[in-house]
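Text of the file query_13.cif, holding mmCIF, N, CA and C atoms:
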data_coords
loop_
_atom_site.label_atom_id
_atom_site.label_comp_id
_atom_site.auth_asym_id
_atom_site.auth_seq_id
_atom_site.Cartn_x
_atom_site.Cartn_y
_atom_site.Cartn_z
N MET T 1 -61.02 76.47 171.89
CA MET T 1 -61.13 76.78 173.30
C MET T 1 -59.84 77.46 173.73
N SER T 2 -60.02 78.53 174.47
CA SER T 2 -58.84 79.27 174.92
C SER T 2 -58.15 78.54 176.07
N ASP T 3 -56.92 78.93 176.31
CA ASP T 3 -56.15 78.35 177.41
C ASP T 3 -56.82 78.65 178.75
N VAL T 4 -57.37 79.84 178.90
CA VAL T 4 -58.05 80.21 180.15
C VAL T 4 -59.28 79.34 180.36
N THR T 5 -60.05 79.13 179.29
CA THR T 5 -61.23 78.28 179.39
C THR T 5 -60.84 76.87 179.79
N GLN T 6 -59.77 76.37 179.24
CA GLN T 6 -59.30 75.03 179.61
C GLN T 6 -58.89 74.99 181.09
N GLN T 7 -58.23 76.04 181.56
CA GLN T 7 -57.84 76.09 182.97
C GLN T 7 -59.07 76.13 183.88
N ILE T 8 -60.12 76.84 183.45
CA ILE T 8 -61.36 76.89 184.22
C ILE T 8 -61.99 75.50 184.28
N MET T 9 -62.04 74.83 183.16
CA MET T 9 -62.62 73.48 183.12
C MET T 9 -61.81 72.52 183.99
N ASP T 10 -60.50 72.62 183.94
CA ASP T 10 -59.66 71.77 184.78
C ASP T 10 -59.92 72.03 186.26
N LEU T 11 -60.10 73.30 186.62
CA LEU T 11 -60.38 73.66 188.01
C LEU T 11 -61.70 73.05 188.46
N ILE T 12 -62.73 73.20 187.66
CA ILE T 12 -64.06 72.72 188.03
C ILE T 12 -64.11 71.19 188.08
N ASN T 13 -63.31 70.55 187.25
CA ASN T 13 -63.30 69.08 187.22
C ASN T 13 -62.29 68.46 188.17
N ALA T 14 -61.56 69.29 188.91
CA ALA T 14 -60.54 68.77 189.82
C ALA T 14 -61.19 67.97 190.94
N GLU T 15 -60.56 66.87 191.27
CA GLU T 15 -61.02 66.05 192.39
C GLU T 15 -59.86 65.84 193.32
N PRO T 16 -59.93 66.30 194.53
CA PRO T 16 -61.03 67.09 195.09
C PRO T 16 -60.93 68.54 194.64
N LEU T 17 -62.05 69.24 194.77
CA LEU T 17 -62.05 70.67 194.43
C LEU T 17 -61.15 71.41 195.41
N PRO T 18 -60.33 72.32 194.93
CA PRO T 18 -59.48 73.09 195.84
C PRO T 18 -60.33 73.96 196.77
N ALA T 19 -59.86 74.17 197.96
CA ALA T 19 -60.59 74.99 198.93
C ALA T 19 -60.75 76.42 198.43
N ASP T 20 -59.80 76.90 197.64
CA ASP T 20 -59.86 78.27 197.12
C ASP T 20 -60.40 78.32 195.69
N ALA T 21 -61.25 77.38 195.33
CA ALA T 21 -61.74 77.28 193.95
C ALA T 21 -62.44 78.55 193.50
N GLU T 22 -63.25 79.17 194.37
CA GLU T 22 -63.96 80.39 193.98
C GLU T 22 -62.98 81.52 193.66
N ASP T 23 -61.95 81.66 194.49
CA ASP T 23 -60.95 82.71 194.25
C ASP T 23 -60.19 82.46 192.96
N ARG T 24 -59.80 81.22 192.74
CA ARG T 24 -59.07 80.88 191.52
C ARG T 24 -59.94 81.08 190.29
N LEU T 25 -61.23 80.74 190.41
CA LEU T 25 -62.15 80.94 189.29
C LEU T 25 -62.25 82.43 188.95
N SER T 26 -62.39 83.26 189.97
CA SER T 26 -62.46 84.71 189.74
C SER T 26 -61.21 85.24 189.05
N GLU T 27 -60.05 84.77 189.48
CA GLU T 27 -58.79 85.20 188.87
C GLU T 27 -58.73 84.79 187.40
N LEU T 28 -59.18 83.57 187.10
CA LEU T 28 -59.17 83.11 185.71
C LEU T 28 -60.15 83.90 184.86
N ILE T 29 -61.34 84.15 185.38
CA ILE T 29 -62.34 84.90 184.61
C ILE T 29 -61.84 86.30 184.28
N GLU T 30 -61.09 86.91 185.19
CA GLU T 30 -60.55 88.25 184.95
C GLU T 30 -59.53 88.26 183.81
N GLN T 31 -59.02 87.10 183.43
CA GLN T 31 -58.08 87.01 182.32
C GLN T 31 -58.79 86.96 180.96
N LEU T 32 -60.10 86.74 180.99
CA LEU T 32 -60.87 86.70 179.75
C LEU T 32 -61.11 88.13 179.25
N PRO T 33 -61.44 88.28 177.96
CA PRO T 33 -61.79 89.61 177.45
C PRO T 33 -62.95 90.19 178.26
N GLU T 34 -62.93 91.48 178.50
CA GLU T 34 -63.92 92.13 179.36
C GLU T 34 -65.36 91.85 178.93
N GLU T 35 -65.59 91.81 177.62
CA GLU T 35 -66.95 91.59 177.13
C GLU T 35 -67.46 90.17 177.41
N ASP T 36 -66.58 89.24 177.72
CA ASP T 36 -66.97 87.86 178.01
C ASP T 36 -67.06 87.55 179.50
N GLN T 37 -66.62 88.47 180.34
CA GLN T 37 -66.50 88.17 181.76
C GLN T 37 -67.83 87.96 182.47
N ASP T 38 -68.84 88.77 182.19
CA ASP T 38 -70.12 88.63 182.88
C ASP T 38 -70.76 87.28 182.59
N MET T 39 -70.80 86.90 181.32
CA MET T 39 -71.40 85.62 180.95
C MET T 39 -70.57 84.47 181.52
N ALA T 40 -69.27 84.59 181.46
CA ALA T 40 -68.40 83.54 181.99
C ALA T 40 -68.58 83.40 183.50
N ARG T 41 -68.69 84.52 184.18
CA ARG T 41 -68.86 84.48 185.64
C ARG T 41 -70.15 83.75 186.00
N ALA T 42 -71.23 84.04 185.32
CA ALA T 42 -72.51 83.37 185.59
C ALA T 42 -72.43 81.88 185.26
N THR T 43 -71.91 81.57 184.11
CA THR T 43 -71.84 80.17 183.67
C THR T 43 -70.93 79.34 184.54
N TRP T 44 -69.71 79.82 184.73
CA TRP T 44 -68.73 79.02 185.46
C TRP T 44 -68.99 78.99 186.96
N SER T 45 -69.59 80.03 187.51
CA SER T 45 -69.94 80.00 188.92
C SER T 45 -71.00 78.94 189.18
N GLU T 46 -71.96 78.84 188.29
CA GLU T 46 -72.99 77.79 188.41
C GLU T 46 -72.37 76.41 188.26
N ALA T 47 -71.46 76.25 187.32
CA ALA T 47 -70.79 74.96 187.14
C ALA T 47 -69.98 74.59 188.38
N LEU T 48 -69.31 75.56 188.97
CA LEU T 48 -68.53 75.30 190.18
C LEU T 48 -69.46 74.92 191.34
N PHE T 49 -70.60 75.61 191.45
CA PHE T 49 -71.57 75.28 192.49
C PHE T 49 -72.04 73.83 192.33
N MET T 50 -72.36 73.43 191.11
CA MET T 50 -72.82 72.07 190.85
C MET T 50 -71.71 71.05 191.13
N ALA T 51 -70.49 71.39 190.79
CA ALA T 51 -69.36 70.48 191.05
C ALA T 51 -69.16 70.31 192.55
N ARG T 52 -69.30 71.39 193.30
CA ARG T 52 -69.15 71.32 194.75
C ARG T 52 -70.27 70.46 195.35
N GLN T 53 -71.49 70.62 194.88
CA GLN T 53 -72.59 69.79 195.37
C GLN T 53 -72.34 68.33 195.04
N SER T 54 -71.86 68.07 193.86
CA SER T 54 -71.57 66.70 193.45
C SER T 54 -70.47 66.10 194.31
N ALA T 55 -69.46 66.90 194.63
CA ALA T 55 -68.35 66.41 195.46
C ALA T 55 -68.82 66.12 196.87
N ASP T 56 -69.83 66.86 197.35
CA ASP T 56 -70.35 66.66 198.70
C ASP T 56 -71.31 65.48 198.78
N PHE T 57 -71.78 65.00 197.64
CA PHE T 57 -72.74 63.90 197.62
C PHE T 57 -72.04 62.59 197.94
N ASP T 58 -72.58 61.86 198.87
CA ASP T 58 -72.02 60.57 199.26
C ASP T 58 -73.08 59.50 199.00
N PRO T 59 -72.94 58.72 197.93
CA PRO T 59 -73.96 57.72 197.62
C PRO T 59 -74.06 56.63 198.69
N ALA T 60 -73.06 56.48 199.52
CA ALA T 60 -73.08 55.47 200.57
C ALA T 60 -73.72 56.00 201.86
N ALA T 61 -74.06 57.27 201.87
CA ALA T 61 -74.65 57.85 203.08
C ALA T 61 -76.03 57.24 203.34
N ARG T 62 -76.35 57.14 204.60
CA ARG T 62 -77.65 56.61 204.98
C ARG T 62 -78.73 57.58 204.56
N THR T 63 -79.87 57.05 204.20
CA THR T 63 -80.99 57.89 203.80
C THR T 63 -82.16 57.64 204.74
N VAL T 64 -83.04 58.58 204.78
CA VAL T 64 -84.24 58.47 205.60
C VAL T 64 -85.45 58.54 204.68
N GLU T 65 -86.35 57.58 204.81
CA GLU T 65 -87.57 57.61 204.02
C GLU T 65 -88.69 58.11 204.89
N LEU T 66 -89.44 59.06 204.39
CA LEU T 66 -90.58 59.60 205.11
C LEU T 66 -91.85 58.96 204.60
N ASP T 67 -92.63 58.42 205.49
CA ASP T 67 -93.90 57.81 205.12
C ASP T 67 -95.00 58.83 205.37
N LEU T 68 -95.27 59.63 204.36
CA LEU T 68 -96.26 60.71 204.53
C LEU T 68 -97.59 60.31 203.99
#
So, in terms of structure tokens, how does the structure I just supplied come out?
Amino acid sequence: MSDVTQQIMDLINAEPLPADAEDRLSELIEQLPEEDQDMARATWSEALFMARQSADFDPAARTVELDL
């Protein structure tokens, strides 16, 4: 695993996620070889999206049940 890949993983796994995570991710991806950037952008952007959703999830939040 490259140093850049490790930095990307550390960014995505950071708790809490930095407010500028998308910008930092883009900067890191640009450090990868050009032929790897498109795939990395798709993969890591999705991982960042999922990490952000996970960070926003509050298991203690009240829920509403719909009786349909």
- Can you turn the PyMOL selection byres (((chain T and resi 39-46 and name CA) around 8) and name CA) into a concrete residue list for this file, as a ChimeraX atom specification? /T:8,22,25-26,29,36-38,47-50
Writer output for current selection, N, CA and C atoms, as a short mmCIF file (atom, residue, chain, number, x, y, z; two decimals), in the coordinates of the input:
data_model
loop_
_atom_site.label_atom_id
_atom_site.label_comp_id
_atom_site.auth_asym_id
_atom_site.auth_seq_id
_atom_site.Cartn_x
_atom_site.Cartn_y
_atom_site.Cartn_z
N ILE T 8 -60.12 76.84 183.45
CA ILE T 8 -61.36 76.89 184.22
C ILE T 8 -61.99 75.50 184.28
N GLU T 22 -63.25 79.17 194.37
CA GLU T 22 -63.96 80.39 193.98
C GLU T 22 -62.98 81.52 193.66
N LEU T 25 -61.23 80.74 190.41
CA LEU T 25 -62.15 80.94 189.29
C LEU T 25 -62.25 82.43 188.95
N SER T 26 -62.39 83.26 189.97
CA SER T 26 -62.46 84.71 189.74
C SER T 26 -61.21 85.24 189.05
N ILE T 29 -61.34 84.15 185.38
CA ILE T 29 -62.34 84.90 184.61
C ILE T 29 -61.84 86.30 184.28
N ASP T 36 -66.58 89.24 177.72
CA ASP T 36 -66.97 87.86 178.01
C ASP T 36 -67.06 87.55 179.50
N GLN T 37 -66.62 88.47 180.34
CA GLN T 37 -66.50 88.17 181.76
C GLN T 37 -67.83 87.96 182.47
N ASP T 38 -68.84 88.77 182.19
CA ASP T 38 -70.12 88.63 182.88
C ASP T 38 -70.76 87.28 182.59
N ALA T 47 -71.46 76.25 187.32
CA ALA T 47 -70.79 74.96 187.14
C ALA T 47 -69.98 74.59 188.38
N LEU T 48 -69.31 75.56 188.97
CA LEU T 48 -68.53 75.30 190.18
C LEU T 48 -69.46 74.92 191.34
N PHE T 49 -70.60 75.61 191.45
CA PHE T 49 -71.57 75.28 192.49
C PHE T 49 -72.04 73.83 192.33
N MET T 50 -72.36 73.43 191.11
CA MET T 50 -72.82 72.07 190.85
C MET T 50 -71.71 71.05 191.13
#
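Relative to atom N of Leu17 in chain T, atom N of Ala55 in chain T is found at 7.8 Å.
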- Please, which residues of chain T, numbered as in this document, come out helix (DSSP H, G or I) from DSSP, as a PyMOL selection string? chain T and resi 3-12+21-29+34-56
Keeping N, CA and C atoms, export the residues of the selection given above as a short mmCIF file (atom, residue, chain, number, x, y, z; two decimals), keeping the file's coordinate frame.
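Result file selection-v3.cif:
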data_model
loop_
_atom_site.label_atom_id
_atom_site.label_comp_id
_atom_site.auth_asym_id
_atom_site.auth_seq_id
_atom_site.Cartn_x
_atom_site.Cartn_y
_atom_site.Cartn_z
N ASP T 3 -56.92 78.93 176.31
CA ASP T 3 -56.15 78.35 177.41
C ASP T 3 -56.82 78.65 178.75
N VAL T 4 -57.37 79.84 178.90
CA VAL T 4 -58.05 80.21 180.15
C VAL T 4 -59.28 79.34 180.36
N THR T 5 -60.05 79.13 179.29
CA THR T 5 -61.23 78.28 179.39
C THR T 5 -60.84 76.87 179.79
N GLN T 6 -59.77 76.37 179.24
CA GLN T 6 -59.30 75.03 179.61
C GLN T 6 -58.89 74.99 181.09
N GLN T 7 -58.23 76.04 181.56
CA GLN T 7 -57.84 76.09 182.97
C GLN T 7 -59.07 76.13 183.88
N ILE T 8 -60.12 76.84 183.45
CA ILE T 8 -61.36 76.89 184.22
C ILE T 8 -61.99 75.50 184.28
N MET T 9 -62.04 74.83 183.16
CA MET T 9 -62.62 73.48 183.12
C MET T 9 -61.81 72.52 183.99
N ASP T 10 -60.50 72.62 183.94
CA ASP T 10 -59.66 71.77 184.78
C ASP T 10 -59.92 72.03 186.26
N LEU T 11 -60.10 73.30 186.62
CA LEU T 11 -60.38 73.66 188.01
C LEU T 11 -61.70 73.05 188.46
N ILE T 12 -62.73 73.20 187.66
CA ILE T 12 -64.06 72.72 188.03
C ILE T 12 -64.11 71.19 188.08
N ALA T 21 -61.25 77.38 195.33
CA ALA T 21 -61.74 77.28 193.95
C ALA T 21 -62.44 78.55 193.50
N GLU T 22 -63.25 79.17 194.37
CA GLU T 22 -63.96 80.39 193.98
C GLU T 22 -62.98 81.52 193.66
N ASP T 23 -61.95 81.66 194.49
CA ASP T 23 -60.95 82.71 194.25
C ASP T 23 -60.19 82.46 192.96
N ARG T 24 -59.80 81.22 192.74
CA ARG T 24 -59.07 80.88 191.52
C ARG T 24 -59.94 81.08 190.29
N LEU T 25 -61.23 80.74 190.41
CA LEU T 25 -62.15 80.94 189.29
C LEU T 25 -62.25 82.43 188.95
N SER T 26 -62.39 83.26 189.97
CA SER T 26 -62.46 84.71 189.74
C SER T 26 -61.21 85.24 189.05
N GLU T 27 -60.05 84.77 189.48
CA GLU T 27 -58.79 85.20 188.87
C GLU T 27 -58.73 84.79 187.40
N LEU T 28 -59.18 83.57 187.10
CA LEU T 28 -59.17 83.11 185.71
C LEU T 28 -60.15 83.90 184.86
N ILE T 29 -61.34 84.15 185.38
CA ILE T 29 -62.34 84.90 184.61
C ILE T 29 -61.84 86.30 184.28
N GLU T 34 -62.93 91.48 178.50
CA GLU T 34 -63.92 92.13 179.36
C GLU T 34 -65.36 91.85 178.93
N GLU T 35 -65.59 91.81 177.62
CA GLU T 35 -66.95 91.59 177.13
C GLU T 35 -67.46 90.17 177.41
N ASP T 36 -66.58 89.24 177.72
CA ASP T 36 -66.97 87.86 178.01
C ASP T 36 -67.06 87.55 179.50
N GLN T 37 -66.62 88.47 180.34
CA GLN T 37 -66.50 88.17 181.76
C GLN T 37 -67.83 87.96 182.47
N ASP T 38 -68.84 88.77 182.19
CA ASP T 38 -70.12 88.63 182.88
C ASP T 38 -70.76 87.28 182.59
N MET T 39 -70.80 86.90 181.32
CA MET T 39 -71.40 85.62 180.95
C MET T 39 -70.57 84.47 181.52
N ALA T 40 -69.27 84.59 181.46
CA ALA T 40 -68.40 83.54 181.99
C ALA T 40 -68.58 83.40 183.50
N ARG T 41 -68.69 84.52 184.18
CA ARG T 41 -68.86 84.48 185.64
C ARG T 41 -70.15 83.75 186.00
N ALA T 42 -71.23 84.04 185.32
CA ALA T 42 -72.51 83.37 185.59
C ALA T 42 -72.43 81.88 185.26
N THR T 43 -71.91 81.57 184.11
CA THR T 43 -71.84 80.17 183.67
C THR T 43 -70.93 79.34 184.54
N TRP T 44 -69.71 79.82 184.73
CA TRP T 44 -68.73 79.02 185.46
C TRP T 44 -68.99 78.99 186.96
N SER T 45 -69.59 80.03 187.51
CA SER T 45 -69.94 80.00 188.92
C SER T 45 -71.00 78.94 189.18
N GLU T 46 -71.96 78.84 188.29
CA GLU T 46 -72.99 77.79 188.41
C GLU T 46 -72.37 76.41 188.26
N ALA T 47 -71.46 76.25 187.32
CA ALA T 47 -70.79 74.96 187.14
C ALA T 47 -69.98 74.59 188.38
N LEU T 48 -69.31 75.56 188.97
CA LEU T 48 -68.53 75.30 190.18
C LEU T 48 -69.46 74.92 191.34
N PHE T 49 -70.60 75.61 191.45
CA PHE T 49 -71.57 75.28 192.49
C PHE T 49 -72.04 73.83 192.33
N MET T 50 -72.36 73.43 191.11
CA MET T 50 -72.82 72.07 190.85
C MET T 50 -71.71 71.05 191.13
N ALA T 51 -70.49 71.39 190.79
CA ALA T 51 -69.36 70.48 191.05
C ALA T 51 -69.16 70.31 192.55
N ARG T 52 -69.30 71.39 193.30
CA ARG T 52 -69.15 71.32 194.75
C ARG T 52 -70.27 70.46 195.35
N GLN T 53 -71.49 70.62 194.88
CA GLN T 53 -72.59 69.79 195.37
C GLN T 53 -72.34 68.33 195.04
N SER T 54 -71.86 68.07 193.86
CA SER T 54 -71.57 66.70 193.45
C SER T 54 -70.47 66.10 194.31
N ALA T 55 -69.46 66.90 194.63
CA ALA T 55 -68.35 66.41 195.46
C ALA T 55 -68.82 66.12 196.87
N ASP T 56 -69.83 66.86 197.35
CA ASP T 56 -70.35 66.66 198.70
C ASP T 56 -71.31 65.48 198.78
#
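Applying the 7 Å criterion to (-56.8, 84.5, 181.5) in file coordinates and using only N, CA and C atoms, one obtains the residues Asp3, Val4, Thr5, Glu27, Leu28, Ile29, Glu30, Gln31, Leu32 and Pro33 of chain T.
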- Task: Give me, please, the distance in Å between atom C of Pro18 in chain T and atom N of Glu35 in chain T, quoted to one decimal.
- Result: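 Interatomic distance, atom C of Pro18 in chain T to atom N of Glu35 in chain T: 26.7 Å.
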- Query: Between CA of Leu11 in chain T and CA of Arg24 in chain T, what is the distance, to one decimal in Å?
  - Reply: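 Distance reported for this atom pair: 8.1 Å.
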Axis-aligned box for range 42-61 of chain T, 5 Å per side, centre and edges in Å as lines of an AutoDock Vina configuration file:
center_x = -72.2
center_y = 69.8
center_z = 193.5
size_x = 17.7
size_y = 38.6
size_z = 29.7
